[in-house]
Each structure stands twice: as structure tokens, then as C-alpha cells.
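Let me begin by presenting the structure, written as C-alpha cells, before commenting on it.
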Amino acid sequence: MAHPVLSQLLDAERVVITTHIRPDGDALGSQIALGLFLRKLGKHVTLLNADAPPRNLEWMLDLSDVTTFTGALKQLKKINEADALVIVDTNGEERIGKLGPILRDATAPKLLIDHHPGPENWFDYQLLRTEASAAGEIIYDLIAEHDADLIDADIATALYAAIMTDTGSFRYGSTTARVHQVIADLLERGGIVPEPVHVAIFDTRLPSSLRLLSRALDTITTVYDGQLAYIVVSLDAMNGAGARSDEAEGLVSYPLSLEGVRAVVMFLETPSGIKCSFRSKGDLAINGWARSFGGGGHRNAAGAYLRDEPLRDAIDRVIAAAPKHLDLGEEYELSDEISDDDLALLASFQGKL
Ligand SMILES: [Mn+2]
């Protein structure tokens, strides 16, 4: 018995596939690989996203066309006429951007293929594996369940990019022996080699992005005895470097390379609010911390968005809340009681206030 999501896809003639806003390697790679697979089965496939890919992933558009949603009638017609709507690598309406409410209200069955916990309840069929290293790993299994021989060079390249980027080049905790087996199979079946993919994604930076890196590195601050670090990318720094906001992608990993640092937050100032990216090492879960600010994500990588708040206030508020969500040691446990030191200080003020 095929998985219900696979059965739905095999029965469908016209399929629309989308992914999250600010698409990353896993988002695009999974979307493109699934699209190419379904096209090989003779289906009409439309890949439609709210946002265009970042500059370092534009090469992926050579593997397959991916259109950016403009609200054009032609695009709405594709959604209305589809027999299946697939959402990959995200599980919430807001994360799909402008396409979110349109897909949610569409009549065709909504199929979720994802590895994030806590999906919203409007999907008709779910292929959800939170232990998967990437949505791309789930797409690989889906294709292999039907016919692994359909994996060609383009599908293998898309899936390699998906899994490689979402595992931090095969170093995060999600990187298992099984992940390497999947990768080995992709290299063999697709007849591809890894290096050009890494070069295309990591070694095609603009001078502005290194100028931004230099400004951002200067802001790195450690707190809680060096257990936490944060890095700030202000609009000023962005403008000064002549960089675009997608060039800040990846900066969050720099403070994580400090010895002793267990978790990191990057504060990225945008015209509409502060984007916070949380990262941690090992068993330290930071998604609860992100969730307390209206965000969410995985154990070691999560995000949140703060609106209507100056950058400095956002930083102070998020950093001050850390001990509530992370075990940073007894001395940082938050208490509503007034400490002995504070009582002594208050006593010294008696009569003088
Ligand atoms: Mn992913």
C-alpha cells in the first residue's frame, strides 16, 4: 500500500507544488525534485512560490522552472484547476506568504510533505517525518517507494542540495548513517559529484556580502558566561555594506563556532520588524524559546519575528528570556523574589528615595 500522499499524487493529473517564503536549499530542492518526478510520470506540474530564490540558489532554476506568485489570473487558474496542491518543507499558512490563504481556501486536496513539528490542521493528507534531516530526504523516499530508477541527474542534484543545506553540510545532529546512504544512492543514480553544488551555493558570494560579514562579526556579544552569543545585523550595517537582506543568511553560524557557546541568536533588522534566528548545539533545544516569541522550528534551529519594537529592545527582551527556556545554570534561574543583594541595596536607600 502506497502512502496516501503518494496515492493522491499518482491519481492526480495537475499538481501545484509550493514551499515557504524566503525559500532555502531544502525548500527549492524538495519542490523541484518532486516536480521533476511527477513530470516524468506525465503529470502537469506547476511550481509556484511567494518569494523568488536567494541569489546563491538561482542556479537551481536551471533544473526546473519555478514561478514567483504575482496574483496573475493564469496562476490562480492553475491552483483552481489542480487535482492536488502540495506544500513542502513548511506546515503553516503564514509561512507560505501570499499563497497561504489562497491554497488553504482552494478546493483540491492539500498534501503536506514536511519535517517540521506541529502542522496546522487544514491539510487533507500528511507525510510528516520530524526525524528526517530534510524535506528532501522524505521526497527521496517517496520517489524510491514508487520507482527509484526515475532518479536522474537533475532530481539527484536537487535532492543533494536539499539535504546538504538542511544538514549544514552533513554536520548537524540530524545527519545519520541513513542520510549518508541516501546521499550515496543519489550520487550513484544521478551520476553527479558534490563539489559543483557546494561551489554554486557557498563560493559565489559578492564583495558586499563579505563587507556585511565583517560588520556583523563586530557585533558578536557573549552573555551568560559565554554560553550564549548573539549577532546583530542592522539596516544601517546592511546599507553600509551595500548588501541585501538575503546576504545575511548564514551569519548566525559564526558565533556558534566560539568555544563554549551553546546557543546563538541572530537579530536581523528589516523594514517591517526584527527577524530572530535561533541556533543551538547538541541536545540544547531552542524551539521553546523561539515559540515564546510567536515563532517555532526544530530543536537546533528555530526562528521568530518581532514587530513594532526597536532593535535594542528586541535584543534585550529575547536575551533576558533565555534562562526561562534554556538550562544555563542555577545562577541564572529567574526568580520573582527579590535577592538578598537587592534587599540590601533597597535597605541602603531607605529614607533617601
Ligand atoms: Mn527543511
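Please note that chains go A, B, ... in the order of the C-alpha cells, that every chain numbers its residues from 1, and that ligands are numbered from 1 in the order shown.
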Contact residues around Ile220 of chain A with only C-alpha atoms at 12 Å, ignoring same-chain residues under 5 positions, as number ranges by chain: A: 213-215, 226, 228-233, 251-258, 261, 264-267
Cut-off 9 Å, only C-alpha atoms and all ligand atoms, neighbours of ligand 1 as a VMD selection string: chain A and resid 24 to 27 30 88 to 90 114 to 116 132 to 136 162 to 163 165 to 167
Please provide as a CSV table (one decimal) with C-alpha atoms, in the first residue's frame all residues within 12 Å of segment 172-176 of chain A, with the sequence filter that same-chain residues fewer than 3 positions apart are discarded (counting only C-alpha atoms).
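Done, and the output landed in selection34.csv:
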```csv
chain,number,residue,atom,x,y,z
A,115,HIS,CA,9.8,17.5,8.7
A,130,THR,CA,10.1,15.1,12.1
A,131,GLU,CA,13.2,12.9,12.4
A,132,ALA,CA,14.0,13.4,8.7
A,133,SER,CA,17.1,15.5,8.1
A,134,ALA,CA,15.4,17.5,5.4
A,137,GLU,CA,15.1,13.1,2.4
A,163,ILE,CA,19.8,17.5,2.2
A,164,MET,CA,23.3,19.1,2.2
A,165,THR,CA,22.0,22.6,3.1
A,166,ASP,CA,19.5,21.4,5.7
A,167,THR,CA,22.1,19.3,7.5
A,168,GLY,CA,24.7,22.1,7.5
A,169,SER,CA,26.9,20.2,5.0
A,179,VAL,CA,21.4,10.2,5.4
A,180,HIS,CA,24.8,9.3,4.0
A,181,GLN,CA,23.3,6.2,2.4
A,182,VAL,CA,20.6,8.3,0.8
A,183,ILE,CA,23.3,10.7,-0.5
A,253,SER,CA,26.6,30.2,12.3
A,279,ARG,CA,20.6,28.0,16.7
A,280,SER,CA,22.0,25.6,19.3
A,281,LYS,CA,24.4,22.7,19.5
A,282,GLY,CA,23.6,19.1,20.6
A,283,ASP,CA,20.8,18.4,23.0
A,284,LEU,CA,20.0,22.0,23.8
A,285,ALA,CA,16.6,22.8,22.4
A,298,HIS,CA,13.3,22.5,15.2
A,299,ARG,CA,15.4,21.6,18.3
A,300,ASN,CA,18.6,23.2,17.0
A,301,ALA,CA,17.2,25.7,14.5
```
Contacts of segment 49-62 of chain A within 6 Å, only C-alpha atoms, excl. fewer than 6 positions in-chain, as a ChimeraX atom specification: /A:18,21-23,68-69,97-98,201
File of the preceding selection, C-alpha atoms, as a PDB file, in the first residue's frame:
```
ATOM      1  CA  THR A  18       4.741  25.312  -3.255  1.00  0.00           C
ATOM      2  CA  ILE A  21       8.698  32.200   1.971  1.00  0.00           C
ATOM      3  CA  ARG A  22      12.393  33.052   1.593  1.00  0.00           C
ATOM      4  CA  PRO A  23      12.939  29.575   0.149  1.00  0.00           C
ATOM      5  CA  THR A  68       7.010  33.589  -8.316  1.00  0.00           C
ATOM      6  CA  PHE A  69       3.392  34.296  -7.413  1.00  0.00           C
ATOM      7  CA  GLY A  97       3.180  34.027   2.375  1.00  0.00           C
ATOM      8  CA  LYS A  98       0.638  35.447  -0.081  1.00  0.00           C
ATOM      9  CA  ILE A 201      25.835  27.512  -3.103  1.00  0.00           C
TER      10      ILE A 201
END
```
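Look at Asp11 of chain A: the protein and nucleic acid residues within 12 Å of it, using only C-alpha atoms and passing over chain neighbours fewer than 3 places away, are Ala2, Pro4, Val5, Leu6, Ser7, Gln8, Arg14, Val15, Leu38, Leu41, Gly42, Lys43, Ala82, Asp83, Ala84 and Pro109 of chain A.
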Could the residues in this selection be saved with C-alpha atoms as a PDB file, in the first residue's frame?
```pdb
ATOM      1  CA  ALA A   2       1.433   3.297  -1.097  1.00  0.00           C
ATOM      2  CA  PRO A   4      -1.825   8.169   0.935  1.00  0.00           C
ATOM      3  CA  VAL A   5       0.156  11.237  -0.178  1.00  0.00           C
ATOM      4  CA  LEU A   6       1.848   9.179  -2.911  1.00  0.00           C
ATOM      5  CA  SER A   7      -1.512   7.668  -3.977  1.00  0.00           C
ATOM      6  CA  GLN A   8      -3.050  11.135  -4.228  1.00  0.00           C
ATOM      7  CA  ARG A  14      -2.478  18.524 -12.497  1.00  0.00           C
ATOM      8  CA  VAL A  15      -0.351  19.312  -9.469  1.00  0.00           C
ATOM      9  CA  LEU A  38       5.801  13.924 -11.310  1.00  0.00           C
ATOM     10  CA  LEU A  41       5.048  10.344 -14.770  1.00  0.00           C
ATOM     11  CA  GLY A  42       3.364  12.572 -17.361  1.00  0.00           C
ATOM     12  CA  LYS A  43       1.645  14.998 -14.990  1.00  0.00           C
ATOM     13  CA  ALA A  82      -5.256  21.436  -9.799  1.00  0.00           C
ATOM     14  CA  ASP A  83      -6.169  17.935  -8.580  1.00  0.00           C
ATOM     15  CA  ALA A  84      -3.596  18.172  -5.801  1.00  0.00           C
ATOM     16  CA  PRO A 109      -6.815  18.166  -1.657  1.00  0.00           C
TER      17      PRO A 109
END
```
Residue set, segment 21-212 of chain A restricted to alpha helix (DSSP H), as a ChimeraX atom specification: /A:25-40,73-81,99-105,135-147,153-166,177-190,195-202,207-212
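Counting only C-alpha atoms and comparing A:Leu85, A:Ala12, A:Ile151, A:Val45, the residue that lies closest to Asp105 of chain A is A:Leu85.
Of note, atom CA of Cys276 of chain A and atom CA of Ala290 of chain A are spaced 8.2 Å apart.
The spacing separating atom CA of Lys110 of chain A from atom CA of Leu186 of chain A amounts to 28.0 Å.
Between atom CA of Pro117 of chain A and atom CA of Ile79 of chain A there is a distance of 26.1 Å.
Excluding Glu120 of chain A itself and any same-chain residue fewer than 2 positions from it, the protein and nucleic acid residues within 7 Å of it, counting only C-alpha atoms, are Asn91, Gly92, Gly118 and Trp122 of chain A.
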Which of segment 4-195 of chain A fall in strand (DSSP E), as a PyMOL selection string: chain A and resi 14-18+44-49+67-68+84-88+110-114+125-128
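For the set A:Arg312, A:Lys78, A:Arg291, A:His3, the residue with the smallest atom-to-atom gap to Val16 of chain A is A:Lys78, counting only C-alpha atoms.
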Contacts of Ser208 of chain A at 12 Å (only C-alpha atoms; same-chain gap of 3+ positions) as an MDAnalysis selection string: chainID A and resid 204:205 211:215 237:248
Would you mind exporting the chosen residues as an mmCIF file, in the first residue's frame, restricted to C-alpha atoms?
```cif
data_model
loop_
_atom_site.group_PDB
_atom_site.id
_atom_site.type_symbol
_atom_site.label_atom_id
_atom_site.label_comp_id
_atom_site.auth_asym_id
_atom_site.auth_seq_id
_atom_site.Cartn_x
_atom_site.Cartn_y
_atom_site.Cartn_z
ATOM 1 C CA THR A 204 29.615 32.570 -5.319
ATOM 2 C CA ARG A 205 29.437 35.432 -2.835
ATOM 3 C CA ARG A 211 31.607 43.521 3.871
ATOM 4 C CA LEU A 212 28.363 42.699 5.685
ATOM 5 C CA LEU A 213 30.078 39.731 7.349
ATOM 6 C CA SER A 214 32.826 41.986 8.646
ATOM 7 C CA ARG A 215 30.320 44.470 10.111
ATOM 8 C CA ALA A 237 25.016 47.730 8.541
ATOM 9 C CA MET A 238 23.150 46.300 5.563
ATOM 10 C CA ASN A 239 23.002 49.658 3.789
ATOM 11 C CA GLY A 240 26.609 50.492 4.687
ATOM 12 C CA ALA A 241 27.779 47.225 3.145
ATOM 13 C CA GLY A 242 25.502 47.654 0.151
ATOM 14 C CA ALA A 243 24.075 44.201 0.874
ATOM 15 C CA ARG A 244 20.617 42.711 0.537
ATOM 16 C CA SER A 245 18.900 41.013 3.464
ATOM 17 C CA ASP A 246 19.302 37.537 1.953
ATOM 18 C CA GLU A 247 23.073 38.058 2.181
ATOM 19 C CA ALA A 248 22.687 37.854 5.971
#
```
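Using only C-alpha atoms, the smallest distance between any of A:Ile155, A:Leu63, A:Ile319, A:Leu206 and Phe293 of chain A comes from A:Ile319.
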Pick from A:Leu48, A:Leu9, A:Leu111, A:Val193, whichever lies nearest to Ala72 of chain A using only C-alpha atoms: A:Leu48
